[in-house]
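Worksheet: the structure to be examined is printed underneath.
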Amino acid sequence: MNVLKCFNKGQPLPLRIKAADALRYLCSYDPVSQDIRTKITVIMAELLVLSNDNEFDLINEIMDDFVLKYAKELEPFALQLAKNLNIQFLRIAEELMNFSTTQNNDDKVSKEQLDKEYQASSILTNMNTMIITMTSEKDLTYALLGSVEPSIRFVLENCMANFISELMEILESFNYTMKCIVPEAWSIFDLVCESFDNFGFDYVLDYLQYFESIITYSFLEDGNKAGSNNDINAGQKTEEQKTSIKNEESKIISLVVKLLNEDNGENFADEDLVLFLFKLISLLVLKLGCVNF
């Protein structure tokens, strides 16, 4: 295929990127799709190199499309792909943090920072696509969280609000795929609550589906996690584990109560916050039968 030849090493960079962009559309045709299927791991490896060496968010968009279309073929390489994406994101995030401490009015610097933000956002989208599509084994999904967890923690610990939307999508997708809240996810939940306290009022709808997933898949039923039917969290919980889980679950109730009690007369003029509270309270009532607010 001539397009694949244009993507080969040694070709000019603009031609390689154009070729990769063409491939993601051409693979909609069965004959082309079958040909690419046998070469997709090599193509993705090359795209990772290009993404790491060049700050073009288009490359990450192309990778995202390929993950969607060839998730099954890429699953054996999922962890390596996720680790590479994690390394790339952390590198760019560190650079963005440096921008925030040395920022000036230079337009060139501002454009460079914006380009890096777009690329970092695309990488997080890639991570989310992997979690959504590579679902044949929950052990793999669980391992994917471990591979990208450093990026998640970096965003939350450094209050990088620009990436909250993408980050909440990753966490919600993970909870939805696992159908339970694993210990690592509870640890991240604590950081999410801290970030919500810091700047959550400006992003309440971005947080909404994540908190809904926490409520849906966390509260104990008959001594076990609701919806927990996978090997990672299967089996009866010890009393100590039940107590720990209940302590974590109480935090979501405390968050809602805190928002209700801290209203200063202005918060409930915010329609997004009203919707946020209404949906969480409704879900809590459904899960618990009654909630004593």
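Order determines the names: the first chain of the structure tokens is A, the second B, and so forth; residues in each chain are numbered 1 upward, and ligands are numbered 1 upward as they are shown.
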Write out as a tab-separated table (two decimals) with N, CA and C atoms, in the first residue's frame each polymer residue whose atoms come within 9 Å of A:Lys116, counting only C-alpha atoms; drop sequence neighbours fewer than 2 positions from it.
chain	number	residue	atom	x	y	z
A	55	GLU	N	5.52	17.60	19.05
A	55	GLU	CA	4.35	18.04	19.80
A	55	GLU	C	3.20	18.40	18.86
A	56	PHE	N	2.61	17.33	18.26
A	56	PHE	CA	1.46	17.50	17.39
A	56	PHE	C	0.30	16.72	18.00
A	57	ASP	N	-0.75	17.42	18.43
A	57	ASP	CA	-1.87	16.69	19.02
A	57	ASP	C	-2.58	15.83	17.99
A	92	ILE	N	5.34	16.23	29.69
A	92	ILE	CA	4.68	17.46	29.25
A	92	ILE	C	4.11	18.22	30.44
A	93	ALA	N	3.53	17.48	31.40
A	93	ALA	CA	2.96	18.13	32.58
A	93	ALA	C	4.03	18.86	33.38
A	95	GLU	N	6.72	20.15	32.14
A	95	GLU	CA	7.04	21.35	31.36
A	95	GLU	C	5.99	22.43	31.57
A	96	LEU	N	4.73	22.02	31.64
A	96	LEU	CA	3.66	22.99	31.87
A	96	LEU	C	3.77	23.61	33.25
A	111	LYS	N	1.95	30.45	23.14
A	111	LYS	CA	1.52	29.50	22.10
A	111	LYS	C	2.13	28.13	22.36
A	112	GLU	N	3.38	28.10	22.78
A	112	GLU	CA	4.03	26.83	23.08
A	112	GLU	C	3.32	26.13	24.23
A	113	GLN	N	2.94	26.90	25.23
A	113	GLN	CA	2.23	26.32	26.37
A	113	GLN	C	0.88	25.76	25.93
A	114	LEU	N	0.18	26.50	25.08
A	114	LEU	CA	-1.12	26.04	24.60
A	114	LEU	C	-0.98	24.75	23.80
A	118	TYR	N	-2.73	21.07	24.63
A	118	TYR	CA	-3.50	20.28	23.68
A	118	TYR	C	-2.95	18.86	23.58
A	119	GLN	N	-1.64	18.74	23.53
A	119	GLN	CA	-1.03	17.43	23.41
A	119	GLN	C	-1.28	16.60	24.66
A	120	ALA	N	-1.13	17.22	25.83
A	120	ALA	CA	-1.36	16.51	27.09
A	120	ALA	C	-2.82	16.05	27.18
A	121	SER	N	-3.73	16.92	26.76
A	121	SER	CA	-5.15	16.56	26.77
A	121	SER	C	-5.42	15.37	25.85
| said: Neighbouring residues of stretch 16-30 of chain A were defined as those with any atom within 8 Å, considering only C-alpha atoms; residues of the same chain fewer than 5 positions away were excluded. Please report them as a list in words. | reply: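 Counting only the stated atoms, we get Val3, Leu4, Cys6, Phe7, Asn8, Gln11, Ile36, Ile59, Ile62, Asp65 and Phe66 of chain A.
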Using only C-alpha atoms, find each residue of stretch 39-117 of chain A with at least one atom at most 7 Å away from an atom of stretch 142-156 of chain A; report its shortest atom-to-atom pair and that distance in Å (one decimal), sort the rows by chain and rising residue number, and return the result as a tab-separated table.
residue	atom	partner	partner_atom	distance
A:Leu79	CA	A:Leu144	CA	6.1
A:Ala82	CA	A:Ser147	CA	5.9
A:Lys83	CA	A:Ser147	CA	5.3
A:Asn86	CA	A:Val148	CA	5.4
A:Phe89	CA	A:Ser151	CA	6.7
A:Leu90	CA	A:Ser151	CA	6.0
Which neighbours of A:Phe189 fall inside 9 Å, counting only C-alpha atoms, when residues of the same chain fewer than 4 positions from it are skipped, and could you give them as a compact mmCIF listing (two decimals) with all heavy atoms, in the first residue's frame?
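Wrote out.txt, looks like this:
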# COMPACT_ATOMS: atom_id res chain seq x y z
N GLU A 184 -7.01 1.03 45.10
CA GLU A 184 -6.28 2.13 44.46
C GLU A 184 -7.22 3.26 44.06
O GLU A 184 -6.86 4.44 44.13
CB GLU A 184 -5.54 1.61 43.22
CG GLU A 184 -4.39 0.67 43.51
CD GLU A 184 -4.83 -0.77 43.74
OE1 GLU A 184 -6.05 -1.03 43.78
OE2 GLU A 184 -3.95 -1.63 43.88
N ALA A 185 -8.43 2.89 43.64
CA ALA A 185 -9.40 3.91 43.26
C ALA A 185 -9.88 4.70 44.47
O ALA A 185 -10.17 5.90 44.37
CB ALA A 185 -10.59 3.26 42.54
N CYS A 193 -11.43 14.39 46.10
CA CYS A 193 -12.18 15.22 47.06
C CYS A 193 -11.39 16.47 47.43
O CYS A 193 -11.96 17.57 47.55
CB CYS A 193 -12.50 14.41 48.31
SG CYS A 193 -13.77 13.14 48.06
N GLU A 194 -10.08 16.33 47.59
CA GLU A 194 -9.25 17.50 47.89
C GLU A 194 -9.26 18.49 46.74
O GLU A 194 -9.36 19.71 46.94
CB GLU A 194 -7.81 17.05 48.18
CG GLU A 194 -7.64 16.29 49.49
CD GLU A 194 -6.21 15.82 49.69
OE1 GLU A 194 -5.32 16.31 48.96
OE2 GLU A 194 -5.99 14.95 50.55
N ILE A 214 -18.84 6.47 41.79
CA ILE A 214 -18.41 6.09 43.14
C ILE A 214 -19.61 5.60 43.95
O ILE A 214 -19.56 4.55 44.61
CB ILE A 214 -17.73 7.28 43.86
CG1 ILE A 214 -16.35 7.56 43.26
CG2 ILE A 214 -17.61 7.01 45.36
CD1 ILE A 214 -15.29 6.54 43.59
N GLU A 248 -14.67 5.33 53.71
CA GLU A 248 -14.51 5.99 52.42
C GLU A 248 -15.86 6.43 51.86
O GLU A 248 -16.01 7.54 51.34
CB GLU A 248 -13.81 5.05 51.42
CG GLU A 248 -12.39 4.66 51.79
CD GLU A 248 -11.44 5.83 51.73
OE1 GLU A 248 -11.82 6.88 51.18
OE2 GLU A 248 -10.31 5.71 52.22
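The two atoms in question, atom CA of A:Ser33 and atom CA of A:Ala71, are spaced 13.1 Å apart.
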| With only C-alpha atoms as the atoms that count, which of A:Leu68, A:Leu58, A:Leu277, A:Leu74 lies nearest to A:Thr41? |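 Closest to A:Thr41 of all the choices is A:Leu74.
The residue that comes closest to A:Phe276, out of A:Tyr210, A:Leu205, A:Lys39, A:Asn261 and on the basis of only C-alpha atoms, is A:Leu205.
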| message | Using DSSP assignments from the backbone, pull out every residue in stretch 20-140 of chain A that falls under alpha helix (DSSP H) and give it to me as a VMD selection string. | response | chain A and resid 20 to 26 30 to 37 40 to 53 57 to 69 71 to 74 78 to 102 107 to 133 138 to 140
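Atom pair atom CA of A:Leu283 / atom CA of A:Ser254: separated by 14.5 Å.
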| Residue contacts of A:Arg37 (8 Å, only C-alpha atoms) excluding same-chain residues fewer than 3 positions away, as a PyMOL selection string | chain A and resi 33-34+40+70+73
